[in-house]
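Containing CSV, C-alpha atoms: start_9.csv.
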```
chain,number,residue,atom,x,y,z
A,123,MET,CA,-42.4,5.7,36.8
A,124,GLN,CA,-39.5,6.2,34.5
A,125,GLY,CA,-40.3,2.8,33.0
A,126,SER,CA,-43.9,3.8,32.1
A,127,VAL,CA,-42.7,7.1,30.5
A,128,ALA,CA,-40.3,5.0,28.4
A,129,ASP,CA,-43.1,2.6,27.5
A,130,ARG,CA,-45.4,5.5,26.5
A,131,LEU,CA,-42.7,7.0,24.3
A,132,GLY,CA,-42.0,3.7,22.8
A,133,THR,CA,-45.7,3.3,21.9
A,134,GLN,CA,-45.8,6.9,20.5
A,135,PHE,CA,-42.8,6.3,18.3
A,136,ALA,CA,-44.2,2.9,17.1
A,137,PHE,CA,-47.2,4.8,15.8
A,138,LEU,CA,-45.1,7.6,14.3
A,139,ASN,CA,-42.8,5.0,12.5
A,140,GLU,CA,-45.8,3.2,11.2
A,141,ALA,CA,-47.3,6.5,9.9
A,142,ASP,CA,-44.2,6.9,7.7
A,143,ARG,CA,-45.8,4.3,5.4
A,144,LEU,CA,-48.3,6.9,4.3
A,145,LYS,CA,-45.5,8.4,2.2
A,146,SER,CA,-45.6,5.3,0.0
A,147,VAL,CA,-49.4,5.4,-0.7
A,148,LEU,CA,-49.9,6.8,-4.2
A,149,ARG,CA,-52.9,8.8,-5.2
A,150,ALA,CA,-54.4,9.1,-8.7
A,151,THR,CA,-53.7,12.8,-8.7
A,152,THR,CA,-50.3,14.0,-9.9
A,153,LEU,CA,-48.1,16.9,-8.7
A,154,CYS,CA,-49.1,20.2,-10.3
A,155,ASP,CA,-46.2,19.8,-12.8
A,156,GLY,CA,-47.5,16.4,-13.8
A,157,SER,CA,-44.1,14.8,-13.1
A,158,ARG,CA,-45.3,12.0,-10.9
A,159,ARG,CA,-48.3,10.8,-8.8
A,160,GLU,CA,-48.8,12.5,-5.5
A,161,ASN,CA,-48.5,10.5,-2.3
A,162,THR,CA,-51.0,10.7,0.6
A,163,ALA,CA,-48.5,12.2,3.1
A,164,GLU,CA,-47.6,15.1,1.0
A,165,HIS,CA,-51.2,15.6,0.0
A,166,SER,CA,-52.1,15.8,3.7
A,167,TRP,CA,-49.4,18.5,4.2
A,168,HIS,CA,-50.7,20.4,1.3
A,169,ILE,CA,-54.3,20.5,2.4
A,170,VAL,CA,-53.3,21.7,5.9
A,171,LEU,CA,-51.6,24.6,4.2
A,172,TYR,CA,-54.9,25.1,2.3
A,173,ALA,CA,-56.6,25.3,5.7
A,174,MET,CA,-54.2,28.0,6.8
A,175,VAL,CA,-54.4,30.0,3.6
A,176,LEU,CA,-58.2,29.6,3.0
A,177,ALA,CA,-59.4,29.9,6.6
A,178,ASP,CA,-61.2,33.1,5.6
A,179,GLN,CA,-63.5,30.9,3.5
A,180,ALA,CA,-64.7,28.9,6.6
A,181,ALA,CA,-68.0,29.6,8.4
A,182,PRO,CA,-67.4,31.9,11.4
A,183,GLU,CA,-68.0,29.0,13.9
A,184,VAL,CA,-65.3,26.8,12.3
A,185,ASP,CA,-62.3,26.1,14.6
A,186,ILE,CA,-59.5,26.0,12.1
A,187,ASN,CA,-57.1,24.4,14.6
A,188,ARG,CA,-59.4,21.4,14.8
A,189,VAL,CA,-59.7,21.4,11.0
A,190,ILE,CA,-55.9,21.3,10.8
A,191,ARG,CA,-55.6,18.3,13.2
A,192,MET,CA,-58.4,16.5,11.3
A,193,LEU,CA,-56.6,16.9,8.0
A,194,ILE,CA,-53.3,15.7,9.3
A,195,LEU,CA,-55.0,12.4,10.4
A,196,HIS,CA,-57.8,12.1,7.8
A,197,ASP,CA,-56.0,9.7,5.4
A,198,LEU,CA,-53.9,7.5,7.8
A,199,VAL,CA,-56.2,4.6,7.1
A,200,GLU,CA,-54.9,4.5,3.6
A,201,ILE,CA,-51.8,2.8,5.0
A,202,ASP,CA,-53.9,-0.3,5.0
A,203,VAL,CA,-56.6,0.4,2.4
A,204,GLY,CA,-54.7,2.5,-0.2
A,205,ASP,CA,-56.2,5.5,-1.9
A,206,VAL,CA,-59.6,5.0,-3.5
A,207,PRO,CA,-59.9,7.7,-6.2
A,208,ILE,CA,-63.1,9.8,-6.2
A,209,HIS,CA,-63.6,9.2,-9.9
A,210,SER,CA,-62.6,5.5,-10.1
A,211,ALA,CA,-65.2,2.8,-10.8
A,212,ASN,CA,-67.4,5.5,-12.3
A,213,GLY,CA,-67.5,7.3,-8.9
A,214,ALA,CA,-68.9,4.2,-7.1
A,215,ALA,CA,-65.9,2.9,-5.1
A,216,HIS,CA,-64.8,5.9,-3.0
A,217,ALA,CA,-67.7,5.9,-0.5
A,218,SER,CA,-68.8,2.2,-1.0
A,219,LEU,CA,-69.8,0.1,2.0
A,220,ALA,CA,-66.8,-2.1,1.3
A,221,THR,CA,-64.4,0.8,1.4
A,222,GLN,CA,-65.9,2.2,4.5
A,223,ALA,CA,-65.7,-1.2,6.3
A,224,ALA,CA,-62.0,-1.6,5.3
A,225,GLU,CA,-61.3,1.9,6.6
A,226,GLN,CA,-62.9,1.2,9.9
A,227,ARG,CA,-60.7,-1.9,10.3
A,228,ALA,CA,-57.7,0.2,9.4
A,229,ALA,CA,-58.6,2.9,11.9
A,230,ASP,CA,-58.9,0.2,14.6
A,231,ARG,CA,-55.5,-1.1,13.9
A,232,ILE,CA,-53.6,2.2,13.2
A,233,PHE,CA,-55.0,4.4,16.0
A,234,GLY,CA,-54.8,1.3,18.2
A,235,LEU,CA,-51.0,1.6,18.1
A,236,LEU,CA,-51.2,4.8,20.2
A,237,PRO,CA,-51.5,5.1,24.0
A,238,SER,CA,-55.2,4.8,24.8
A,239,ASP,CA,-55.7,8.5,25.6
A,240,LEU,CA,-54.2,9.6,22.3
A,241,ALA,CA,-55.9,6.7,20.4
A,242,ALA,CA,-59.3,7.9,21.6
A,243,GLY,CA,-58.8,11.5,20.7
A,244,PHE,CA,-57.4,10.8,17.2
A,245,ARG,CA,-60.1,8.2,16.5
A,246,ALA,CA,-62.8,10.7,17.5
A,247,LEU,CA,-61.4,13.3,15.2
A,248,TRP,CA,-61.2,10.8,12.3
A,249,ASP,CA,-64.8,9.6,13.0
A,250,GLU,CA,-65.9,13.2,13.0
A,251,PHE,CA,-64.2,13.8,9.6
A,252,GLU,CA,-65.7,10.7,8.1
A,253,ALA,CA,-69.2,11.6,9.3
A,254,ALA,CA,-69.0,15.0,7.8
A,255,GLU,CA,-71.7,16.5,10.0
A,256,THR,CA,-69.9,19.1,12.1
A,257,VAL,CA,-68.9,22.5,10.7
A,258,ASP,CA,-65.3,21.6,11.2
A,259,ALA,CA,-65.6,18.3,9.3
A,260,ILE,CA,-67.6,19.9,6.5
A,261,PHE,CA,-65.0,22.5,5.9
A,262,ALA,CA,-62.2,20.0,6.1
A,263,LYS,CA,-63.9,17.9,3.5
A,264,SER,CA,-64.2,21.0,1.2
A,265,LEU,CA,-60.4,21.5,1.4
A,266,ASP,CA,-59.8,17.8,0.7
A,267,ARG,CA,-61.8,18.1,-2.5
A,268,VAL,CA,-60.4,21.4,-3.7
A,269,GLN,CA,-56.7,20.5,-3.8
A,270,PRO,CA,-57.0,17.8,-6.5
A,271,VAL,CA,-59.1,20.2,-8.6
A,272,MET,CA,-56.2,22.7,-8.5
A,273,ALA,CA,-53.7,19.9,-9.3
A,274,ASN,CA,-55.8,18.8,-12.3
A,275,LEU,CA,-56.1,22.4,-13.6
A,276,GLN,CA,-52.3,22.8,-13.4
A,277,SER,CA,-51.4,19.5,-14.9
A,278,GLY,CA,-53.7,19.7,-17.9
A,279,GLY,CA,-56.6,17.6,-16.7
A,280,GLY,CA,-55.1,14.9,-14.6
A,281,THR,CA,-57.6,12.5,-13.2
A,282,TRP,CA,-60.4,14.1,-15.2
A,283,VAL,CA,-58.7,12.7,-18.3
A,284,THR,CA,-57.7,9.4,-16.7
A,285,TYR,CA,-61.3,8.7,-15.7
A,286,ASN,CA,-63.1,10.6,-18.5
A,287,VAL,CA,-64.9,12.8,-16.0
A,288,SER,CA,-67.7,15.2,-17.3
A,289,ALA,CA,-68.5,18.6,-15.9
A,290,GLU,CA,-71.7,17.2,-14.4
A,291,GLN,CA,-69.7,14.4,-12.7
A,292,LEU,CA,-67.3,16.9,-11.3
A,293,ASP,CA,-70.2,18.9,-9.9
A,294,THR,CA,-71.8,15.9,-8.3
A,295,ARG,CA,-68.7,14.2,-6.9
A,296,VAL,CA,-66.6,17.2,-6.0
A,297,GLY,CA,-68.5,20.5,-6.4
A,298,THR,CA,-71.3,19.7,-4.0
A,299,LYS,CA,-68.8,18.7,-1.3
A,300,ILE,CA,-66.7,21.8,-1.7
A,301,ALA,CA,-69.8,24.1,-1.8
A,302,ARG,CA,-71.2,22.6,1.3
A,303,GLY,CA,-68.3,23.9,3.4
A,304,ALA,CA,-67.1,26.8,1.3
A,305,PRO,CA,-69.6,28.0,-1.3
A,306,ALA,CA,-67.6,31.0,-2.5
A,307,LEU,CA,-64.6,28.8,-2.9
A,308,TRP,CA,-66.5,26.4,-5.2
A,309,ALA,CA,-67.9,29.3,-7.2
A,310,HIS,CA,-64.4,30.5,-7.8
A,311,VAL,CA,-62.9,27.1,-8.6
A,312,ARG,CA,-65.8,26.1,-10.8
A,313,ALA,CA,-65.3,29.1,-13.0
A,314,GLN,CA,-61.7,28.0,-13.5
A,315,THR,CA,-62.7,24.5,-14.4
A,316,ALA,CA,-64.8,25.9,-17.2
A,317,ARG,CA,-61.7,26.4,-19.3
A,318,PHE,CA,-61.0,22.7,-19.1
A,319,PHE,CA,-64.5,21.4,-19.5
A,320,GLY,CA,-65.5,24.1,-22.0
A,321,ALA,CA,-68.7,24.7,-20.0
B,815,MET,CA,-66.4,43.7,-4.2
B,816,GLN,CA,-66.9,40.4,-6.0
B,817,GLY,CA,-63.9,41.2,-8.1
B,818,SER,CA,-61.6,41.8,-5.1
B,819,VAL,CA,-62.7,38.5,-3.5
B,820,ALA,CA,-61.8,36.7,-6.8
B,821,ASP,CA,-58.5,38.6,-6.8
B,822,ARG,CA,-57.7,37.5,-3.3
B,823,LEU,CA,-58.6,33.9,-4.0
B,824,GLY,CA,-56.5,34.0,-7.1
B,825,THR,CA,-53.5,35.2,-5.0
B,826,GLN,CA,-54.2,32.5,-2.4
B,827,PHE,CA,-54.2,29.8,-5.0
B,828,ALA,CA,-51.1,31.1,-6.7
B,829,PHE,CA,-49.3,30.6,-3.4
B,830,LEU,CA,-50.8,27.2,-2.8
B,831,ASN,CA,-49.9,26.1,-6.4
B,832,GLU,CA,-46.3,27.3,-5.9
B,833,ALA,CA,-46.1,25.5,-2.5
B,834,ASP,CA,-46.7,22.2,-4.5
B,835,ARG,CA,-43.1,22.4,-5.5
B,836,LEU,CA,-42.0,21.5,-2.0
B,837,LYS,CA,-43.0,17.9,-2.9
B,838,SER,CA,-40.1,17.8,-5.3
B,839,VAL,CA,-37.4,19.0,-2.8
B,840,LEU,CA,-35.4,16.0,-1.7
B,841,ARG,CA,-33.8,15.6,1.8
B,842,ALA,CA,-30.8,13.5,2.7
B,843,THR,CA,-32.9,11.4,5.0
B,844,THR,CA,-34.7,8.4,3.5
B,845,LEU,CA,-38.1,6.9,4.4
B,846,CYS,CA,-38.0,4.6,7.4
B,847,ASP,CA,-37.9,1.6,5.0
B,848,GLY,CA,-34.9,3.1,3.2
B,849,SER,CA,-36.7,2.8,-0.2
B,850,ARG,CA,-36.1,6.4,-1.3
B,851,ARG,CA,-35.2,9.8,-0.1
B,852,GLU,CA,-37.8,11.7,1.7
B,853,ASN,CA,-39.2,15.0,0.3
B,854,THR,CA,-39.7,18.1,2.3
B,855,ALA,CA,-43.5,18.2,2.0
B,856,GLU,CA,-44.0,14.7,3.4
B,857,HIS,CA,-41.4,15.4,6.1
B,858,SER,CA,-43.4,18.5,7.1
B,859,TRP,CA,-46.6,16.4,7.4
B,860,HIS,CA,-44.8,13.9,9.5
B,861,ILE,CA,-43.4,16.3,12.0
B,862,VAL,CA,-46.9,17.9,12.5
B,863,LEU,CA,-48.1,14.4,13.4
B,864,TYR,CA,-45.1,14.3,15.7
B,865,ALA,CA,-46.4,17.5,17.4
B,866,MET,CA,-49.8,16.0,17.8
B,867,VAL,CA,-48.5,12.7,19.3
B,868,LEU,CA,-45.7,14.1,21.4
B,869,ALA,CA,-47.5,17.2,22.7
B,870,ASP,CA,-47.1,15.8,26.2
B,871,GLN,CA,-43.4,16.4,25.9
B,872,ALA,CA,-43.8,20.1,25.5
B,873,ALA,CA,-43.4,22.6,28.3
B,874,PRO,CA,-46.8,23.6,29.8
B,875,GLU,CA,-46.7,27.1,28.3
B,876,VAL,CA,-46.3,25.8,24.7
B,877,ASP,CA,-49.2,26.5,22.4
B,878,ILE,CA,-49.3,23.3,20.3
B,879,ASN,CA,-51.5,24.8,17.7
B,880,ARG,CA,-48.9,27.5,17.0
B,881,VAL,CA,-46.2,24.8,16.9
B,882,ILE,CA,-48.3,22.9,14.3
B,883,ARG,CA,-48.7,26.0,12.1
B,884,MET,CA,-45.0,26.8,12.4
B,885,LEU,CA,-44.1,23.3,11.3
B,886,ILE,CA,-46.4,23.3,8.3
B,887,LEU,CA,-44.5,26.5,7.0
B,888,HIS,CA,-41.0,26.0,8.3
B,889,ASP,CA,-39.4,24.5,5.2
B,890,LEU,CA,-41.3,26.4,2.4
B,891,VAL,CA,-38.1,28.3,1.7
B,892,GLU,CA,-36.5,25.1,0.5
B,893,ILE,CA,-38.5,25.5,-2.7
B,894,ASP,CA,-35.8,28.1,-3.7
B,895,VAL,CA,-32.9,27.0,-1.5
B,896,GLY,CA,-33.2,23.2,-1.4
B,897,ASP,CA,-32.6,21.1,1.7
B,898,VAL,CA,-29.2,21.7,3.4
B,899,PRO,CA,-28.6,18.6,5.4
B,900,ILE,CA,-27.6,19.0,9.1
B,901,HIS,CA,-24.6,16.8,8.7
B,902,SER,CA,-23.4,18.0,5.3
B,903,ALA,CA,-20.1,19.9,4.9
B,904,ASN,CA,-19.1,18.5,8.2
B,905,GLY,CA,-22.0,20.3,9.9
B,906,ALA,CA,-21.0,23.7,8.7
B,907,ALA,CA,-23.5,24.4,5.9
B,908,HIS,CA,-26.9,24.1,7.6
B,909,ALA,CA,-26.8,27.3,9.6
B,910,SER,CA,-24.2,29.2,7.6
B,911,LEU,CA,-24.6,32.9,6.9
B,912,ALA,CA,-24.9,32.1,3.2
B,913,THR,CA,-27.7,29.6,3.8
B,914,GLN,CA,-29.5,32.0,6.1
B,915,ALA,CA,-29.3,34.9,3.6
B,916,ALA,CA,-30.6,32.6,0.8
B,917,GLU,CA,-33.5,31.5,3.0
B,918,GLN,CA,-34.4,35.1,3.8
B,919,ARG,CA,-34.6,35.9,0.1
B,920,ALA,CA,-36.7,32.8,-0.4
B,921,ALA,CA,-39.0,33.8,2.4
B,922,ASP,CA,-39.4,37.3,0.8
B,923,ARG,CA,-40.4,35.8,-2.5
B,924,ILE,CA,-42.6,32.9,-1.4
B,925,PHE,CA,-44.6,34.5,1.4
B,926,GLY,CA,-44.7,37.6,-0.8
B,927,LEU,CA,-47.1,35.6,-3.1
B,928,LEU,CA,-49.8,35.8,-0.5
B,929,PRO,CA,-52.3,38.6,0.2
B,930,SER,CA,-50.5,41.0,2.6
B,931,ASP,CA,-52.3,40.1,5.8
B,932,LEU,CA,-51.5,36.4,5.3
B,933,ALA,CA,-48.0,37.1,4.2
B,934,ALA,CA,-47.3,39.1,7.3
B,935,GLY,CA,-48.7,36.4,9.6
B,936,PHE,CA,-46.9,33.5,7.9
B,937,ARG,CA,-43.6,35.4,7.7
B,938,ALA,CA,-43.8,36.2,11.4
B,939,LEU,CA,-44.3,32.5,12.3
B,940,TRP,CA,-41.4,31.5,10.0
B,941,ASP,CA,-39.1,34.2,11.5
B,942,GLU,CA,-40.1,33.0,15.0
B,943,PHE,CA,-39.2,29.4,14.1
B,944,GLU,CA,-35.9,30.5,12.6
B,945,ALA,CA,-35.0,32.6,15.7
B,946,ALA,CA,-35.7,29.7,18.0
B,947,GLU,CA,-36.2,31.9,21.0
B,948,THR,CA,-39.8,31.4,22.0
B,949,VAL,CA,-41.0,28.2,23.7
B,950,ASP,CA,-43.2,27.4,20.7
B,951,ALA,CA,-40.2,27.7,18.3
B,952,ILE,CA,-37.9,25.8,20.6
B,953,PHE,CA,-40.3,22.8,20.8
B,954,ALA,CA,-40.9,22.9,17.1
B,955,LYS,CA,-37.2,22.7,16.5
B,956,SER,CA,-36.9,19.7,18.8
B,957,LEU,CA,-39.5,17.8,16.7
B,958,ASP,CA,-37.8,18.8,13.5
B,959,ARG,CA,-34.6,17.3,14.8
B,960,VAL,CA,-36.1,14.1,16.2
B,961,GLN,CA,-37.9,12.8,13.1
B,962,PRO,CA,-34.7,12.2,11.0
B,963,VAL,CA,-33.1,10.4,14.0
B,964,MET,CA,-36.1,8.0,14.0
B,965,ALA,CA,-35.8,7.5,10.3
B,966,ASN,CA,-32.1,6.8,10.5
B,967,LEU,CA,-32.7,4.2,13.3
B,968,GLN,CA,-35.3,2.5,11.2
B,969,SER,CA,-33.3,2.5,8.0
B,970,GLY,CA,-30.0,1.2,9.4
B,971,GLY,CA,-28.1,4.5,9.9
B,972,GLY,CA,-29.2,6.6,7.0
B,973,THR,CA,-27.5,10.0,6.9
B,974,TRP,CA,-25.2,9.0,9.8
B,975,VAL,CA,-23.6,6.5,7.4
B,976,THR,CA,-23.7,9.0,4.4
B,977,TYR,CA,-21.9,11.7,6.4
B,978,ASN,CA,-19.9,9.5,8.7
B,979,VAL,CA,-21.4,11.0,11.8
B,980,SER,CA,-20.0,10.3,15.3
B,981,ALA,CA,-22.0,10.0,18.5
B,982,GLU,CA,-20.4,13.3,19.6
B,983,GLN,CA,-21.5,15.1,16.4
B,984,LEU,CA,-25.0,13.7,16.8
B,985,ASP,CA,-25.1,15.1,20.4
B,986,THR,CA,-23.8,18.5,19.2
B,987,ARG,CA,-25.8,19.0,16.0
B,988,VAL,CA,-29.0,17.2,17.0
B,989,GLY,CA,-29.2,16.2,20.6
B,990,THR,CA,-28.7,19.7,22.1
B,991,LYS,CA,-31.5,21.1,19.9
B,992,ILE,CA,-33.9,18.3,20.8
B,993,ALA,CA,-33.0,18.5,24.5
B,994,ARG,CA,-33.6,22.3,24.6
B,995,GLY,CA,-37.3,21.9,23.8
B,996,ALA,CA,-37.9,18.3,25.0
B,997,PRO,CA,-35.3,17.0,27.4
B,998,ALA,CA,-37.0,13.7,28.2
B,999,LEU,CA,-37.5,13.1,24.5
B,1000,TRP,CA,-33.8,13.3,23.8
B,1001,ALA,CA,-33.0,11.1,26.8
B,1002,HIS,CA,-35.3,8.4,25.3
B,1003,VAL,CA,-34.1,8.8,21.7
B,1004,ARG,CA,-30.4,9.0,22.7
B,1005,ALA,CA,-30.7,5.6,24.5
B,1006,GLN,CA,-32.0,4.1,21.2
B,1007,THR,CA,-29.2,5.6,19.2
B,1008,ALA,CA,-26.7,3.9,21.4
B,1009,ARG,CA,-27.3,0.6,19.6
B,1010,PHE,CA,-26.2,2.2,16.4
B,1011,PHE,CA,-23.2,4.1,17.7
B,1012,GLY,CA,-22.2,1.4,20.1
B,1013,ALA,CA,-22.0,4.1,22.8
```

Show the structure stored in the file as structure tokens.
Amino acid sequence: MQGSVADRLGTQFAFLNEADRLKSVLRATTLCDGSRRENTAEHSWHIVLYAMVLADQAAPEVDINRVIRMLILHDLVEIDVGDVPIHSANGAAHASLATQAAEQRAADRIFGLLPSDLAAGFRALWDEFEAAETVDAIFAKSLDRVQPVMANLQSGGGTWVTYNVSAEQLDTRVGTKIARGAPALWAHVRAQTARFFGA
Amino acid sequence: MQGSVADRLGTQFAFLNEADRLKSVLRATTLCDGSRRENTAEHSWHIVLYAMVLADQAAPEVDINRVIRMLILHDLVEIDVGDVPIHSANGAAHASLATQAAEQRAADRIFGLLPSDLAAGFRALWDEFEAAETVDAIFAKSLDRVQPVMANLQSGGGTWVTYNVSAEQLDTRVGTKIARGAPALWAHVRAQTARFFGA
């Protein structure tokens, strides 16, 4: 029995050590002070803090603890695939079939490092986030879209400048996703983006 | 009423924007690949993932969702105080009265940015973590101590080399804290440290 506990812990730590690589995946968004690009691990921490602070913006049936777990895991596939910025390739790359297929392969490999019970639970949460159909996933997606908007506002435009994003493109690619899970949140954030877009 | 919702959201985002600075606080520990020092935001993400993966090492009465929330918040005070490495100043600085007083002032300022209901809840969680008396806090502290050990093992010694740490000092400063919340975890990890310390 002791041997199997040690094997299980060895497998758990193999996954946790592999996860460390998410700290080296760079996103297009910078820190709020513009000093450097943000990495995906610290982004994931930040949006979990968003979930804790903005839980009152969620629909009453949202389970915020499930949202938090989803957000911790949601970008682990970027260890293999890298970050695909929302506004890159004129907005076409982020949800492309090619990106989705690569992320599925990454999920197979990365969650597959875990003991099978944990692998199944983590994969189900990630699949739920990706599908964006449950209230928990829809709220999690809202938070994931809000944080880069706040970073861009703080840093003087950020990826909106990089990718020459219009107010209409922000509405389509970001606003609709935020509004779906947190309508009052998007109304508030959109009003702040007006000072950048002059809308 | 609309005005007060906007005020509340403004306060929530002021806190979330300030929290961004945790990404610029550097720890003594490096990434597992040794490429650079880890920052406190990504460390916080990683140990929440530890909580999700190693939940089976917690005592049955531990509420893992509370542990996760605690770990998201536990190092926010480092925005003002910086990271005080466990092994620095021959192990004397980390829990010194001066460090504790500075962290209390930082908690007053940083959690004080939040709306009062959230400020009270977050501060209570942070106080509970610091006091390390509840089962949730004791398990959270175990995870906080395990992750740098794994990073040091991966990176060829890390802060054990930097601070010339002995096996006995690792036991005292780290092992006892891990074992208090997760005894089997420390037994497993300690066996792995033997190959570094030659013990």

Could you build a table of the residues in chain B lying no more than 7 Å from chain A, giving for each the nearest pair of atoms and their separation in Å rounded to one decimal place, using only C-alpha atoms, ordered by chain and ascending residue number, as a Markdown table?
```
| residue | atom | partner | partner_atom | distance |
| --- | --- | --- | --- | --- |
| B:Ala820 | CA | A:His310 | CA | 6.8 |
| B:Gln826 | CA | A:Val175 | CA | 6.5 |
| B:Leu830 | CA | A:Tyr172 | CA | 6.9 |
| B:Asp834 | CA | A:Cys154 | CA | 6.6 |
| B:Lys837 | CA | A:Glu164 | CA | 6.6 |
| B:Leu845 | CA | A:Asp142 | CA | 6.9 |
| B:Cys846 | CA | A:Asp142 | CA | 6.6 |
| B:Ala855 | CA | A:Glu164 | CA | 5.2 |
| B:Glu856 | CA | A:Glu164 | CA | 4.3 |
| B:Ser858 | CA | A:Trp167 | CA | 6.7 |
| B:Trp859 | CA | A:Trp167 | CA | 4.7 |
| B:Leu863 | CA | A:Ile194 | CA | 6.7 |
| B:Tyr864 | CA | A:Leu138 | CA | 6.8 |
| B:Val867 | CA | A:Gln134 | CA | 6.5 |
| B:Asn879 | CA | A:Asn187 | CA | 6.4 |
| B:Ile886 | CA | A:Leu171 | CA | 6.7 |
| B:His1002 | CA | A:Ala128 | CA | 6.8 |
```

Would you write out those residues with C-alpha atoms, as a short mmCIF file (atom, residue, chain, number, x, y, z; two decimals), in the coordinates of the input?
```cif
data_model
loop_
_atom_site.label_atom_id
_atom_site.label_comp_id
_atom_site.auth_asym_id
_atom_site.auth_seq_id
_atom_site.Cartn_x
_atom_site.Cartn_y
_atom_site.Cartn_z
CA ALA B 820 -61.80 36.70 -6.80
CA GLN B 826 -54.20 32.50 -2.40
CA LEU B 830 -50.80 27.20 -2.80
CA ASP B 834 -46.70 22.20 -4.50
CA LYS B 837 -43.00 17.90 -2.90
CA LEU B 845 -38.10 6.90 4.40
CA CYS B 846 -38.00 4.60 7.40
CA ALA B 855 -43.50 18.20 2.00
CA GLU B 856 -44.00 14.70 3.40
CA SER B 858 -43.40 18.50 7.10
CA TRP B 859 -46.60 16.40 7.40
CA LEU B 863 -48.10 14.40 13.40
CA TYR B 864 -45.10 14.30 15.70
CA VAL B 867 -48.50 12.70 19.30
CA ASN B 879 -51.50 24.80 17.70
CA ILE B 886 -46.40 23.30 8.30
CA HIS B 1002 -35.30 8.40 25.30
#
```

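The two atoms in question, CA of Asp197 (chain A) and CA of Ala313 (chain A), are spaced 28.3 Å apart.
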
Query raised in the report: Between B:Val975, B:Leu927, B:Val839, B:Ala938, which one has atoms that come closest to Asp897 (chain B), using only C-alpha atoms?
Result: B:Val839

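With CA of Phe233 (chain A) on one side and CA of Ala873 (chain B) on the other, the separation reads 24.8 Å.
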
Requested in this report: Skip Phe943 (chain B) itself and residues of its chain fewer than 4 positions away, then list as an NGL selection string all residues within 8 Å of it, counting all atoms listed in the file.
Outcome: :B and (884 or 888 or 939 or 947 or 950-952 or 954-955)

Would you mind exporting the chosen residues as a PDB file, keeping the file's coordinate frame, restricted to C-alpha atoms?
```
ATOM      1  CA  MET B 884     -45.000  26.800  12.400  1.00  0.00           C
ATOM      2  CA  HIS B 888     -41.000  26.000   8.300  1.00  0.00           C
ATOM      3  CA  LEU B 939     -44.300  32.500  12.300  1.00  0.00           C
ATOM      4  CA  GLU B 947     -36.200  31.900  21.000  1.00  0.00           C
ATOM      5  CA  ASP B 950     -43.200  27.400  20.700  1.00  0.00           C
ATOM      6  CA  ALA B 951     -40.200  27.700  18.300  1.00  0.00           C
ATOM      7  CA  ILE B 952     -37.900  25.800  20.600  1.00  0.00           C
ATOM      8  CA  ALA B 954     -40.900  22.900  17.100  1.00  0.00           C
ATOM      9  CA  LYS B 955     -37.200  22.700  16.500  1.00  0.00           C
TER      10      LYS B 955
END
```
